[in-house]
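Trainee: Sharing upload-v8.cif, mmCIF, C-alpha atoms and all ligand atoms:
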data_run
#
loop_
_atom_site.group_PDB
_atom_site.id
_atom_site.type_symbol
_atom_site.label_atom_id
_atom_site.label_comp_id
_atom_site.auth_asym_id
_atom_site.auth_seq_id
_atom_site.Cartn_x
_atom_site.Cartn_y
_atom_site.Cartn_z
ATOM 1 C CA MET Q 18 0.000 0.000 0.000
ATOM 2 C CA HIS Q 19 1.333 3.405 -1.010
ATOM 3 C CA ILE Q 20 -0.292 6.508 0.457
ATOM 4 C CA ASP Q 21 0.278 10.029 -0.854
ATOM 5 C CA ILE Q 22 -0.736 12.802 1.525
ATOM 6 C CA ILE Q 23 -1.216 16.393 0.372
ATOM 7 C CA THR Q 24 -1.008 18.847 3.263
ATOM 8 C CA LEU Q 25 0.041 22.341 4.270
ATOM 9 C CA PHE Q 26 1.602 20.824 7.394
ATOM 10 C CA PRO Q 27 3.775 17.835 6.457
ATOM 11 C CA HIS Q 28 5.714 18.121 9.720
ATOM 12 C CA MET Q 29 2.590 17.193 11.697
ATOM 13 C CA PHE Q 30 2.907 13.624 10.388
ATOM 14 C CA GLN Q 31 6.425 12.884 11.514
ATOM 15 C CA GLY Q 32 5.767 11.579 15.022
ATOM 16 C CA PRO Q 33 2.781 9.242 14.486
ATOM 17 C CA PHE Q 34 4.197 7.486 11.415
ATOM 18 C CA GLU Q 35 7.509 6.720 13.086
ATOM 19 C CA GLU Q 36 6.306 4.596 15.982
ATOM 20 C CA GLY Q 37 4.725 1.237 16.599
ATOM 21 C CA ILE Q 38 2.743 -0.666 13.997
ATOM 22 C CA LEU Q 39 3.082 2.062 11.365
ATOM 23 C CA ARG Q 40 6.862 2.132 11.655
ATOM 24 C CA ARG Q 41 7.073 -1.673 11.480
ATOM 25 C CA ALA Q 42 4.709 -1.817 8.494
ATOM 26 C CA ARG Q 43 6.945 0.667 6.679
ATOM 27 C CA GLU Q 44 10.087 -1.260 7.622
ATOM 28 C CA LYS Q 45 8.527 -4.493 6.329
ATOM 29 C CA GLY Q 46 7.680 -2.766 3.038
ATOM 30 C CA LEU Q 47 3.910 -3.230 3.545
ATOM 31 C CA LEU Q 48 3.344 0.518 3.654
ATOM 32 C CA SER Q 49 4.999 3.554 2.114
ATOM 33 C CA ILE Q 50 3.926 7.122 2.753
ATOM 34 C CA ALA Q 51 4.838 10.182 0.686
ATOM 35 C CA LEU Q 52 4.094 13.616 2.119
ATOM 36 C CA HIS Q 53 3.523 16.438 -0.351
ATOM 37 C CA ASP Q 54 3.655 20.056 0.767
ATOM 38 C CA LEU Q 55 0.713 21.871 -0.830
ATOM 39 C CA ARG Q 56 2.666 25.142 -0.534
ATOM 40 C CA ALA Q 57 5.094 23.881 -3.193
ATOM 41 C CA PHE Q 58 2.177 23.988 -5.671
ATOM 42 C CA GLY Q 59 0.960 27.425 -4.588
ATOM 43 C CA VAL Q 60 0.072 30.154 -7.085
ATOM 44 C CA GLY Q 61 2.494 32.960 -7.942
ATOM 45 C CA LYS Q 62 5.509 34.431 -6.240
ATOM 46 C CA HIS Q 63 3.911 34.002 -2.829
ATOM 47 C CA ARG Q 64 2.856 30.403 -3.492
ATOM 48 C CA GLN Q 65 -0.657 31.295 -2.491
ATOM 49 C CA VAL Q 66 -2.857 28.321 -1.579
ATOM 50 C CA ASP Q 67 -5.958 30.013 -0.157
ATOM 51 C CA ASP Q 68 -8.284 32.937 -0.759
ATOM 52 C CA VAL Q 69 -11.479 34.574 0.477
ATOM 53 C CA PRO Q 70 -14.837 32.948 -0.420
ATOM 54 C CA TYR Q 71 -16.824 34.522 -3.263
ATOM 55 C CA GLY Q 72 -20.117 35.953 -2.069
ATOM 56 C CA GLY Q 73 -18.633 36.843 1.277
ATOM 57 C CA ALA Q 74 -18.321 34.400 4.152
ATOM 58 C CA PRO Q 75 -15.965 34.215 7.096
ATOM 59 C CA GLY Q 76 -12.563 32.563 6.762
ATOM 60 C CA MET Q 77 -10.535 31.327 3.818
ATOM 61 C CA LEU Q 78 -10.860 28.487 1.314
ATOM 62 C CA LEU Q 79 -8.209 26.391 -0.395
ATOM 63 C CA ARG Q 80 -7.887 27.373 -4.054
ATOM 64 C CA PRO Q 81 -8.320 24.610 -6.632
ATOM 65 C CA GLU Q 82 -5.130 25.057 -8.714
ATOM 66 C CA PRO Q 83 -2.548 23.972 -6.091
ATOM 67 C CA ILE Q 84 -4.528 20.863 -5.139
ATOM 68 C CA VAL Q 85 -5.089 19.794 -8.758
ATOM 69 C CA ALA Q 86 -1.420 20.504 -9.578
ATOM 70 C CA ALA Q 87 -0.287 18.453 -6.581
ATOM 71 C CA VAL Q 88 -2.408 15.427 -7.531
ATOM 72 C CA GLU Q 89 -1.405 15.596 -11.215
ATOM 73 C CA SER Q 90 2.251 15.821 -10.208
ATOM 74 C CA ILE Q 91 1.913 12.859 -7.821
ATOM 75 C CA LEU Q 92 0.114 10.652 -10.363
ATOM 76 C CA ASP Q 93 2.149 12.026 -13.267
ATOM 77 C CA ARG Q 94 -0.939 12.374 -15.445
ATOM 78 C CA PRO Q 95 -3.914 14.681 -15.937
ATOM 79 C CA VAL Q 96 -6.780 13.789 -13.625
ATOM 80 C CA PHE Q 97 -9.149 16.569 -14.475
ATOM 81 C CA ARG Q 98 -12.571 14.908 -14.849
ATOM 82 C CA GLY Q 99 -14.149 17.624 -16.992
ATOM 83 C CA ALA Q 100 -17.362 16.872 -18.885
ATOM 84 C CA ASP Q 101 -15.551 16.243 -22.190
ATOM 85 C CA THR Q 102 -12.179 14.959 -20.998
ATOM 86 C CA ALA Q 103 -11.687 11.256 -21.556
ATOM 87 C CA VAL Q 104 -9.673 10.294 -18.506
ATOM 88 C CA GLU Q 105 -10.193 6.694 -17.466
ATOM 89 C CA VAL Q 106 -11.367 7.316 -13.940
ATOM 90 C CA GLU Q 107 -11.260 3.579 -13.199
ATOM 91 C CA THR Q 108 -7.475 3.530 -13.413
ATOM 92 C CA LEU Q 109 -7.099 6.253 -10.789
ATOM 93 C CA PRO Q 110 -6.465 5.416 -7.163
ATOM 94 C CA PRO Q 111 -9.068 6.758 -4.734
ATOM 95 C CA ILE Q 112 -8.495 10.498 -4.309
ATOM 96 C CA ILE Q 113 -9.885 11.141 -0.863
ATOM 97 C CA LEU Q 114 -10.705 14.519 0.631
ATOM 98 C CA LEU Q 115 -10.737 14.582 4.440
ATOM 99 C CA THR Q 116 -13.629 16.868 5.290
ATOM 100 C CA PRO Q 117 -16.373 17.221 7.925
ATOM 101 C CA GLN Q 118 -18.855 16.659 5.073
ATOM 102 C CA GLY Q 119 -17.436 13.233 4.201
ATOM 103 C CA ARG Q 120 -18.933 9.808 4.854
ATOM 104 C CA PRO Q 121 -18.111 8.630 8.362
ATOM 105 C CA LEU Q 122 -15.005 6.451 8.713
ATOM 106 C CA THR Q 123 -15.960 2.973 9.975
ATOM 107 C CA GLN Q 124 -14.115 -0.357 10.062
ATOM 108 C CA ALA Q 125 -16.040 -1.383 6.923
ATOM 109 C CA VAL Q 126 -14.738 1.728 5.117
ATOM 110 C CA VAL Q 127 -11.227 1.009 6.430
ATOM 111 C CA LYS Q 128 -11.303 -2.520 4.968
ATOM 112 C CA GLU Q 129 -12.626 -1.224 1.657
ATOM 113 C CA LEU Q 130 -9.781 1.327 1.434
ATOM 114 C CA ALA Q 131 -7.184 -1.305 2.357
ATOM 115 C CA ARG Q 132 -8.041 -3.291 -0.798
ATOM 116 C CA HIS Q 133 -6.450 -0.603 -2.992
ATOM 117 C CA ASP Q 134 -2.710 -0.574 -3.598
ATOM 118 C CA ARG Q 135 -2.591 3.215 -3.547
ATOM 119 C CA LEU Q 136 -4.499 6.067 -1.903
ATOM 120 C CA VAL Q 137 -4.215 9.829 -2.311
ATOM 121 C CA LEU Q 138 -5.307 11.839 0.725
ATOM 122 C CA ILE Q 139 -6.043 15.563 0.572
ATOM 123 C CA CYS Q 140 -6.066 17.342 3.924
ATOM 124 C CA GLY Q 141 -8.466 20.260 4.027
ATOM 125 C CA ARG Q 142 -7.674 23.388 6.030
ATOM 126 C CA TYR Q 143 -9.408 26.670 6.831
ATOM 127 C CA GLU Q 144 -13.147 26.692 6.141
ATOM 128 C CA GLY Q 145 -12.846 24.190 3.319
ATOM 129 C CA VAL Q 146 -11.883 23.760 -0.332
ATOM 130 C CA ASP Q 147 -13.192 25.287 -3.542
ATOM 131 C CA GLU Q 148 -16.073 23.114 -4.790
ATOM 132 C CA ARG Q 149 -14.354 22.480 -8.149
ATOM 133 C CA VAL Q 150 -11.796 20.299 -6.354
ATOM 134 C CA ARG Q 151 -14.654 17.902 -5.550
ATOM 135 C CA GLU Q 152 -16.131 18.207 -8.998
ATOM 136 C CA PHE Q 153 -12.959 17.447 -10.952
ATOM 137 C CA LEU Q 154 -10.702 15.471 -8.697
ATOM 138 C CA VAL Q 155 -12.083 13.919 -5.571
ATOM 139 C CA THR Q 156 -13.493 10.376 -5.749
ATOM 140 C CA ASP Q 157 -14.333 10.010 -2.068
ATOM 141 C CA GLU Q 158 -14.862 12.244 0.975
ATOM 142 C CA ILE Q 159 -14.320 11.006 4.512
ATOM 143 C CA SER Q 160 -14.951 12.430 8.005
ATOM 144 C CA ILE Q 161 -13.677 10.794 11.189
ATOM 145 C CA GLY Q 162 -16.591 11.924 13.347
ATOM 146 C CA ASP Q 163 -18.926 14.679 14.388
ATOM 147 C CA TYR Q 164 -16.552 17.086 16.106
ATOM 148 C CA VAL Q 165 -14.604 20.013 14.700
ATOM 149 C CA LEU Q 166 -10.893 19.591 13.974
ATOM 150 C CA SER Q 167 -8.546 22.321 12.758
ATOM 151 C CA GLY Q 168 -7.895 20.510 9.499
ATOM 152 C CA GLY Q 169 -7.745 17.151 7.764
ATOM 153 C CA GLU Q 170 -4.261 16.200 8.965
ATOM 154 C CA LEU Q 171 -5.227 14.416 12.177
ATOM 155 C CA ALA Q 172 -8.078 12.704 10.311
ATOM 156 C CA ALA Q 173 -5.597 11.496 7.668
ATOM 157 C CA MET Q 174 -3.360 10.068 10.406
ATOM 158 C CA VAL Q 175 -6.321 8.226 11.925
ATOM 159 C CA LEU Q 176 -7.240 6.805 8.517
ATOM 160 C CA VAL Q 177 -3.659 5.688 7.776
ATOM 161 C CA ASP Q 178 -3.351 4.039 11.195
ATOM 162 C CA ALA Q 179 -6.626 2.140 10.830
ATOM 163 C CA VAL Q 180 -5.896 1.047 7.236
ATOM 164 C CA THR Q 181 -2.383 -0.118 8.151
ATOM 165 C CA ARG Q 182 -3.689 -2.398 10.916
ATOM 166 C CA VAL Q 183 -5.752 -4.401 8.443
ATOM 167 C CA LEU Q 184 -2.944 -4.864 5.886
ATOM 168 C CA PRO Q 185 -1.979 -8.552 5.901
ATOM 169 C CA GLY Q 186 1.153 -9.019 8.029
ATOM 170 C CA ALA Q 187 1.061 -5.599 9.691
ATOM 171 C CA LEU Q 188 0.251 -6.871 13.171
ATOM 172 C CA GLY Q 189 3.305 -8.556 14.613
ATOM 173 C CA TYR Q 190 1.332 -11.095 16.634
ATOM 174 C CA GLU Q 191 -1.020 -14.019 16.130
ATOM 175 C CA ARG Q 192 -4.309 -12.262 16.747
ATOM 176 C CA GLY Q 193 -5.745 -11.070 13.472
ATOM 177 C CA ALA Q 194 -7.291 -7.682 12.859
ATOM 178 C CA GLU Q 195 -10.510 -9.703 12.439
ATOM 179 C CA GLU Q 196 -10.615 -10.199 16.188
ATOM 180 C CA ASP Q 197 -10.343 -6.498 16.912
ATOM 181 C CA SER Q 198 -13.238 -5.130 18.849
ATOM 182 C CA PHE Q 199 -15.000 -3.293 16.039
ATOM 183 C CA ALA Q 200 -14.356 -6.092 13.585
ATOM 184 C CA SER Q 201 -16.463 -8.446 15.738
ATOM 185 C CA GLY Q 202 -19.067 -5.735 16.254
ATOM 186 C CA LEU Q 203 -18.659 -5.949 20.048
ATOM 187 C CA LEU Q 204 -16.722 -3.947 22.599
ATOM 188 C CA GLU Q 205 -14.005 -5.742 24.492
ATOM 189 C CA GLY Q 206 -14.980 -6.847 28.008
ATOM 190 C CA PRO Q 207 -12.748 -6.483 31.105
ATOM 191 C CA GLN Q 208 -9.188 -7.753 30.762
ATOM 192 C CA TYR Q 209 -6.584 -8.553 33.404
ATOM 193 C CA THR Q 210 -2.871 -9.157 33.677
ATOM 194 C CA ARG Q 211 -0.549 -9.725 36.676
ATOM 195 C CA PRO Q 212 -0.724 -9.437 39.610
ATOM 196 C CA PRO Q 213 -3.576 -11.855 40.496
ATOM 197 C CA GLU Q 214 -4.543 -9.586 43.402
ATOM 198 C CA PHE Q 215 -4.165 -5.786 43.344
ATOM 199 C CA ARG Q 216 -5.132 -3.702 46.383
ATOM 200 C CA GLY Q 217 -7.660 -6.298 47.410
ATOM 201 C CA ARG Q 218 -9.203 -6.768 43.952
ATOM 202 C CA GLN Q 219 -8.904 -10.282 42.539
ATOM 203 C CA VAL Q 220 -8.699 -11.355 38.920
ATOM 204 C CA PRO Q 221 -11.902 -13.350 38.190
ATOM 205 C CA ASP Q 222 -11.339 -17.058 39.005
ATOM 206 C CA VAL Q 223 -12.485 -18.242 35.580
ATOM 207 C CA LEU Q 224 -9.515 -16.519 33.904
ATOM 208 C CA LEU Q 225 -7.102 -18.438 36.142
ATOM 209 C CA SER Q 226 -8.967 -21.742 35.700
ATOM 210 C CA GLY Q 227 -7.225 -22.817 32.484
ATOM 211 C CA HIS Q 228 -10.647 -23.938 31.199
ATOM 212 C CA HIS Q 229 -10.528 -22.488 27.686
ATOM 213 C CA GLU Q 230 -14.156 -23.048 26.788
ATOM 214 C CA ARG Q 231 -15.401 -21.424 29.987
ATOM 215 C CA ILE Q 232 -12.985 -18.538 29.482
ATOM 216 C CA ALA Q 233 -14.248 -17.982 25.938
ATOM 217 C CA ALA Q 234 -17.878 -18.093 27.110
ATOM 218 C CA TRP Q 235 -17.138 -15.658 29.968
ATOM 219 C CA ARG Q 236 -15.382 -13.232 27.618
ATOM 220 C CA ARG Q 237 -18.244 -13.315 25.150
ATOM 221 C CA ASP Q 238 -20.735 -12.726 27.944
ATOM 222 C CA GLN Q 239 -18.757 -9.792 29.313
ATOM 223 C CA ALA Q 240 -18.324 -8.318 25.823
ATOM 224 C CA LEU Q 241 -22.074 -8.493 25.219
ATOM 225 C CA LYS Q 242 -22.821 -6.942 28.636
ATOM 226 C CA ARG Q 243 -20.393 -4.088 28.107
ATOM 227 C CA THR Q 244 -21.684 -3.459 24.572
ATOM 228 C CA ARG Q 245 -25.298 -3.478 25.816
ATOM 229 C CA GLU Q 246 -24.406 -0.937 28.524
ATOM 230 C CA ARG Q 247 -22.187 1.397 26.513
ATOM 231 C CA ARG Q 248 -22.965 0.957 22.812
ATOM 232 C CA PRO Q 249 -26.397 -0.611 22.257
ATOM 233 C CA ASP Q 250 -26.254 0.879 18.751
ATOM 234 C CA LEU Q 251 -23.506 -1.658 17.903
ATOM 235 C CA LEU Q 252 -25.738 -4.602 18.879
ATOM 236 C CA GLU Q 253 -28.561 -3.321 16.705
ATOM 237 C CA LYS Q 254 -26.190 -3.022 13.731
ATOM 238 C CA ARG Q 255 -24.885 -6.579 14.056
ATOM 239 C CA THR Q 256 -26.351 -8.989 11.505
ATOM 240 C CA SER Q 257 -27.045 -12.634 12.348
ATOM 241 C CA SER Q 258 -24.224 -13.682 9.973
ATOM 242 C CA GLU Q 259 -21.718 -11.781 12.086
ATOM 243 C CA ASP Q 260 -23.209 -13.163 15.271
ATOM 244 C CA PRO Q 261 -23.520 -16.937 15.257
ATOM 245 C CA SER Q 262 -24.495 -16.812 18.970
ATOM 246 C CA SER Q 263 -27.728 -15.037 18.150
ATOM 247 C CA GLY Q 264 -29.058 -18.382 16.951
ATOM 248 C CA GLU Q 265 -30.644 -16.961 13.808
HETATM 249 C C1 LIG M 301 -18.524 26.330 10.230
HETATM 250 C C2 LIG M 301 -18.480 25.065 9.478
HETATM 251 N N1 LIG M 301 -17.309 24.232 9.843
HETATM 252 C C3 LIG M 301 -17.696 22.808 9.592
HETATM 253 C C4 LIG M 301 -17.960 22.081 10.864
HETATM 254 C C5 LIG M 301 -16.177 24.613 9.002
HETATM 255 C C6 LIG M 301 -15.006 23.729 9.141
HETATM 256 C C7 LIG M 301 -14.451 23.450 10.368
HETATM 257 C C8 LIG M 301 -13.312 22.657 10.480
HETATM 258 C C9 LIG M 301 -14.403 23.206 8.012
HETATM 259 C C10 LIG M 301 -13.268 22.440 8.121
HETATM 260 C C11 LIG M 301 -12.733 22.167 9.350
HETATM 261 C C12 LIG M 301 -11.511 21.365 9.459
HETATM 262 N N2 LIG M 301 -11.819 19.942 9.637
HETATM 263 C C13 LIG M 301 -11.451 19.034 8.744
HETATM 264 O O1 LIG M 301 -10.824 19.399 7.761
HETATM 265 C C14 LIG M 301 -11.811 17.640 8.924
HETATM 266 C C15 LIG M 301 -12.585 16.984 9.917
HETATM 267 C C16 LIG M 301 -13.273 17.469 11.077
HETATM 268 O O2 LIG M 301 -13.256 18.662 11.438
HETATM 269 N N3 LIG M 301 -13.961 16.566 11.836
HETATM 270 C C17 LIG M 301 -14.015 15.240 11.531
HETATM 271 N N4 LIG M 301 -13.413 14.752 10.462
HETATM 272 C C18 LIG M 301 -12.708 15.616 9.680
HETATM 273 S S1 LIG M 301 -11.904 15.195 8.297
HETATM 274 C C19 LIG M 301 -11.382 16.727 7.994
#
Is it possible to express this structure as structure tokens?
Mentor:
Amino acid sequence: MHIDIITLFPHMFQGPFEEGILRRAREKGLLSIALHDLRAFGVGKHRQVDDVPYGGAPGMLLRPEPIVAAVESILDRPVFRGADTAVEVETLPPIILLTPQGRPLTQAVVKELARHDRLVLICGRYEGVDERVREFLVTDEISIGDYVLSGGELAAMVLVDAVTRVLPGALGYERGAEEDSFASGLLEGPQYTRPPEFRGRQVPDVLLSGHHERIAAWRRDQALKRTRERRPDLLEKRTSSEDPSSGE
């Protein structure tokens, strides 16, 4: 998987991509990330990337030319999807705008994105981007949730982290991404490690019993209880195919 990221703040990405699973995925050659400074594609002597909205509105918008120039430079081809331009859209990687107006990022979306061998991420800033960027360039728009961020950069990092986890071989241990909490549709129940007693609180006996079937049943029970209490919406979303225990 190769991911190109277009941003006004490439330095923001340095920490998160250099630790843990992301660093190991890059070292193993499963993931490569190229950061592209939008400023380098800015207009004129001042490399301008933004301007005031037509019609009058507060704040600034990203101009279309630098973003289109950045994507065309990255892909080394024209990508302008004008009404009469015959660009084979099918051969393009997803060109994803991170924006509050995008479709919500879920584990299903993460898996879908992970099937591609390349992604192009555009990080919005200011009040947004000129609409013609969507019209001509963007194939997908994604939001990471209903809260206001300062720009698309942190959202892009979240997306890259989640996509990397589901790349085959990215997790350095036995447990597959399939068993991750959201993949099963349930929240994780309580978990314990040493010591067996801490300040008077014991680890539940069943976990020390060595009885694997009882442990599995207990965990499933606890996961269902916790999900019912905290995220009943997740239970409602689960289909019978994902939930063999439902008996349907
Ligand atoms: C006043 C309207 N605002 C929309 C809520 C304008 C606005 C605020 C913040 C426009 C862009 C932004 C910057 N945010 C993102 O670029 C962003 C984002 C987010 O704020 N929340 C969740 N996901 C994302 S993805 C990109």
Trainee: Neighbouring residues of Q:Arg237 were defined as those with any atom within 8 Å, considering only C-alpha atoms; residues of the same chain fewer than 4 positions away were excluded. Please report them as a list in words.
Mentor: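 My reading of the contact set: Gly206, Ala233 and Leu241 of chain Q.
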Trainee: Please write out, as AutoDock Vina command-line options, where the centre of an axis-aligned box around all listed atoms of ligand LIG 301 (chain M) lies and how long its edges are, in Å to one decimal, after adding 4 Å on each side.
Mentor:
--center_x -14.7 --center_y 20.5 --center_z 9.8 --size_x 15.7 --size_y 19.6 --size_z 12.1
Trainee: I need the output of the PyMOL selection byres (((not hetatm)) within 6 of (chain M and resi 301)) for this file as a list in words; which residues are they?
Mentor: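 When the PyMOL selection byres (((not hetatm)) within 6 of (chain M and resi 301)) is applied to the shown file, the picked residues are Leu115, Thr116, Pro117, Gly141, Arg142, Tyr143, Glu144, Gly145, Ser160, Ile161, Gly162, Asp163, Tyr164, Val165, Leu166, Ser167, Gly168, Gly169 and Ala172 of chain Q.
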Trainee: If the PyMOL selection byres (((chain Q and resi 147-149) around 10) and not hetatm) is run on the structure shown, which residues does it catch, given as a CSV table (one decimal) with C-alpha atoms, in the frame of the given file?
Mentor:
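Contents of the output file result.csv:
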chain,number,residue,atom,x,y,z
Q,67,ASP,CA,-6.0,30.0,-0.2
Q,68,ASP,CA,-8.3,32.9,-0.8
Q,70,PRO,CA,-14.8,32.9,-0.4
Q,71,TYR,CA,-16.8,34.5,-3.3
Q,77,MET,CA,-10.5,31.3,3.8
Q,78,LEU,CA,-10.9,28.5,1.3
Q,79,LEU,CA,-8.2,26.4,-0.4
Q,80,ARG,CA,-7.9,27.4,-4.1
Q,81,PRO,CA,-8.3,24.6,-6.6
Q,82,GLU,CA,-5.1,25.1,-8.7
Q,84,ILE,CA,-4.5,20.9,-5.1
Q,85,VAL,CA,-5.1,19.8,-8.8
Q,144,GLU,CA,-13.1,26.7,6.1
Q,145,GLY,CA,-12.8,24.2,3.3
Q,146,VAL,CA,-11.9,23.8,-0.3
Q,150,VAL,CA,-11.8,20.3,-6.4
Q,151,ARG,CA,-14.7,17.9,-5.6
Q,152,GLU,CA,-16.1,18.2,-9.0
Q,153,PHE,CA,-13.0,17.4,-11.0
Q,154,LEU,CA,-10.7,15.5,-8.7
Q,155,VAL,CA,-12.1,13.9,-5.6
Trainee: Quick check, in Å to one decimal: how far apart do atom CA of Q:Leu204 and atom CA of Q:Glu129 lie?
Mentor: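 Between these atoms lies a distance of 21.5 Å.
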Trainee: With only C-alpha atoms as the atoms that count, which of Q:Glu230, Q:Phe34, Q:Arg98, Q:Leu203 lies nearest to Q:Arg243?
Mentor: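 Of the candidates, the smallest distance to Q:Arg243 is held by Q:Leu203.
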Trainee: Just the residues within 9 Å of stretch 131-135 of chain Q, please, counting only C-alpha atoms, with nothing from its chain fewer than 6 positions along; format it as a PyMOL selection string.
Mentor: chain Q and resi 18-21+110-111+180-181+183-184
Trainee: Go ahead and save the picked residues with C-alpha atoms, as a compact mmCIF listing (two decimals), in the frame of the given file.
Mentor:
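Written output follows (out_4.txt):
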# COMPACT_ATOMS: atom_id res chain seq x y z
CA MET Q 18 0.00 0.00 0.00
CA HIS Q 19 1.33 3.40 -1.01
CA ILE Q 20 -0.29 6.51 0.46
CA ASP Q 21 0.28 10.03 -0.85
CA PRO Q 110 -6.46 5.42 -7.16
CA PRO Q 111 -9.07 6.76 -4.73
CA VAL Q 180 -5.90 1.05 7.24
CA THR Q 181 -2.38 -0.12 8.15
CA VAL Q 183 -5.75 -4.40 8.44
CA LEU Q 184 -2.94 -4.86 5.89
Trainee: What's the separation between atom CA of Q:Val127 and atom CA of Q:Leu176, in Å to one decimal place?
Mentor: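 Answer for the atom CA of Q:Val127 to atom CA of Q:Leu176 separation: 7.3 Å.
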Trainee: Specify as a compact mmCIF listing (two decimals) with C-alpha atoms, in the coordinates of the input each residue included when the PyMOL selection byres (((chain Q and resi 45) around 12) and not hetatm) is applied to this file.
Mentor:
# COMPACT_ATOMS: atom_id res chain seq x y z
CA MET Q 18 0.00 0.00 0.00
CA ILE Q 38 2.74 -0.67 14.00
CA LEU Q 39 3.08 2.06 11.36
CA ARG Q 40 6.86 2.13 11.66
CA ARG Q 41 7.07 -1.67 11.48
CA ALA Q 42 4.71 -1.82 8.49
CA ARG Q 43 6.94 0.67 6.68
CA GLU Q 44 10.09 -1.26 7.62
CA GLY Q 46 7.68 -2.77 3.04
CA LEU Q 47 3.91 -3.23 3.54
CA LEU Q 48 3.34 0.52 3.65
CA SER Q 49 5.00 3.55 2.11
CA THR Q 181 -2.38 -0.12 8.15
CA LEU Q 184 -2.94 -4.86 5.89
CA PRO Q 185 -1.98 -8.55 5.90
CA GLY Q 186 1.15 -9.02 8.03
CA ALA Q 187 1.06 -5.60 9.69
CA LEU Q 188 0.25 -6.87 13.17
CA GLY Q 189 3.30 -8.56 14.61
Trainee: Provide the atom CA of Q:Phe26 to atom CA of Q:Asp54 distance in Å, to one decimal place.
Mentor: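 Calculated distance between atom CA of Q:Phe26 and atom CA of Q:Asp54 is 7.0 Å.
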Trainee: Out of Q:Ala173, Q:Leu92, Q:Ala87, Q:Pro75, which residue has the shortest atom-to-atom distance to Q:Leu114 when counting all atoms listed in the file?
Mentor: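 Residue with the minimum atom-to-atom distance to Q:Leu114: Q:Ala173.
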Trainee: Can you patch up stretch 135-149 of chain Q, filling it in to N, CA and C atoms, and show the result as a PDB file, in the coordinates of the input?
Mentor:
ATOM      1  N   ARG Q 135      -3.029   1.836  -3.704  1.00  0.00           N
ATOM      2  CA  ARG Q 135      -2.591   3.215  -3.547  1.00  0.00           C
ATOM      3  C   ARG Q 135      -3.766   4.101  -3.142  1.00  0.00           C
ATOM      4  N   LEU Q 136      -3.498   5.067  -2.285  1.00  0.00           N
ATOM      5  CA  LEU Q 136      -4.499   6.067  -1.903  1.00  0.00           C
ATOM      6  C   LEU Q 136      -3.861   7.447  -1.985  1.00  0.00           C
ATOM      7  N   VAL Q 137      -4.657   8.435  -2.373  1.00  0.00           N
ATOM      8  CA  VAL Q 137      -4.215   9.829  -2.311  1.00  0.00           C
ATOM      9  C   VAL Q 137      -5.134  10.556  -1.324  1.00  0.00           C
ATOM     10  N   LEU Q 138      -4.537  11.132  -0.298  1.00  0.00           N
ATOM     11  CA  LEU Q 138      -5.307  11.839   0.725  1.00  0.00           C
ATOM     12  C   LEU Q 138      -5.054  13.337   0.613  1.00  0.00           C
ATOM     13  N   ILE Q 139      -6.142  14.097   0.607  1.00  0.00           N
ATOM     14  CA  ILE Q 139      -6.043  15.563   0.572  1.00  0.00           C
ATOM     15  C   ILE Q 139      -6.546  16.095   1.905  1.00  0.00           C
ATOM     16  N   CYS Q 140      -5.678  16.790   2.627  1.00  0.00           N
ATOM     17  CA  CYS Q 140      -6.066  17.342   3.924  1.00  0.00           C
ATOM     18  C   CYS Q 140      -6.607  18.744   3.735  1.00  0.00           C
ATOM     19  N   GLY Q 141      -7.880  18.928   4.070  1.00  0.00           N
ATOM     20  CA  GLY Q 141      -8.466  20.260   4.027  1.00  0.00           C
ATOM     21  C   GLY Q 141      -7.944  21.114   5.173  1.00  0.00           C
ATOM     22  N   ARG Q 142      -8.031  22.419   4.979  1.00  0.00           N
ATOM     23  CA  ARG Q 142      -7.674  23.388   6.030  1.00  0.00           C
ATOM     24  C   ARG Q 142      -8.632  24.560   5.938  1.00  0.00           C
ATOM     25  N   TYR Q 143      -8.536  25.490   6.842  1.00  0.00           N
ATOM     26  CA  TYR Q 143      -9.408  26.670   6.831  1.00  0.00           C
ATOM     27  C   TYR Q 143     -10.868  26.230   6.819  1.00  0.00           C
ATOM     28  N   GLU Q 144     -11.717  27.004   6.146  1.00  0.00           N
ATOM     29  CA  GLU Q 144     -13.147  26.692   6.141  1.00  0.00           C
ATOM     30  C   GLU Q 144     -13.510  25.621   5.119  1.00  0.00           C
ATOM     31  N   GLY Q 145     -12.558  25.232   4.293  1.00  0.00           N
ATOM     32  CA  GLY Q 145     -12.846  24.190   3.319  1.00  0.00           C
ATOM     33  C   GLY Q 145     -12.094  24.384   2.020  1.00  0.00           C
ATOM     34  N   VAL Q 146     -12.543  23.680   0.971  1.00  0.00           N
ATOM     35  CA  VAL Q 146     -11.883  23.760  -0.332  1.00  0.00           C
ATOM     36  C   VAL Q 146     -12.878  24.232  -1.377  1.00  0.00           C
ATOM     37  N   ASP Q 147     -12.373  24.868  -2.403  1.00  0.00           N
ATOM     38  CA  ASP Q 147     -13.192  25.287  -3.542  1.00  0.00           C
ATOM     39  C   ASP Q 147     -13.922  24.059  -4.103  1.00  0.00           C
ATOM     40  N   GLU Q 148     -15.218  24.232  -4.385  1.00  0.00           N
ATOM     41  CA  GLU Q 148     -16.073  23.114  -4.790  1.00  0.00           C
ATOM     42  C   GLU Q 148     -15.558  22.399  -6.045  1.00  0.00           C
ATOM     43  N   ARG Q 149     -14.823  23.106  -6.909  1.00  0.00           N
ATOM     44  CA  ARG Q 149     -14.354  22.480  -8.149  1.00  0.00           C
ATOM     45  C   ARG Q 149     -13.319  21.388  -7.907  1.00  0.00           C
TER      46      ARG Q 149
END
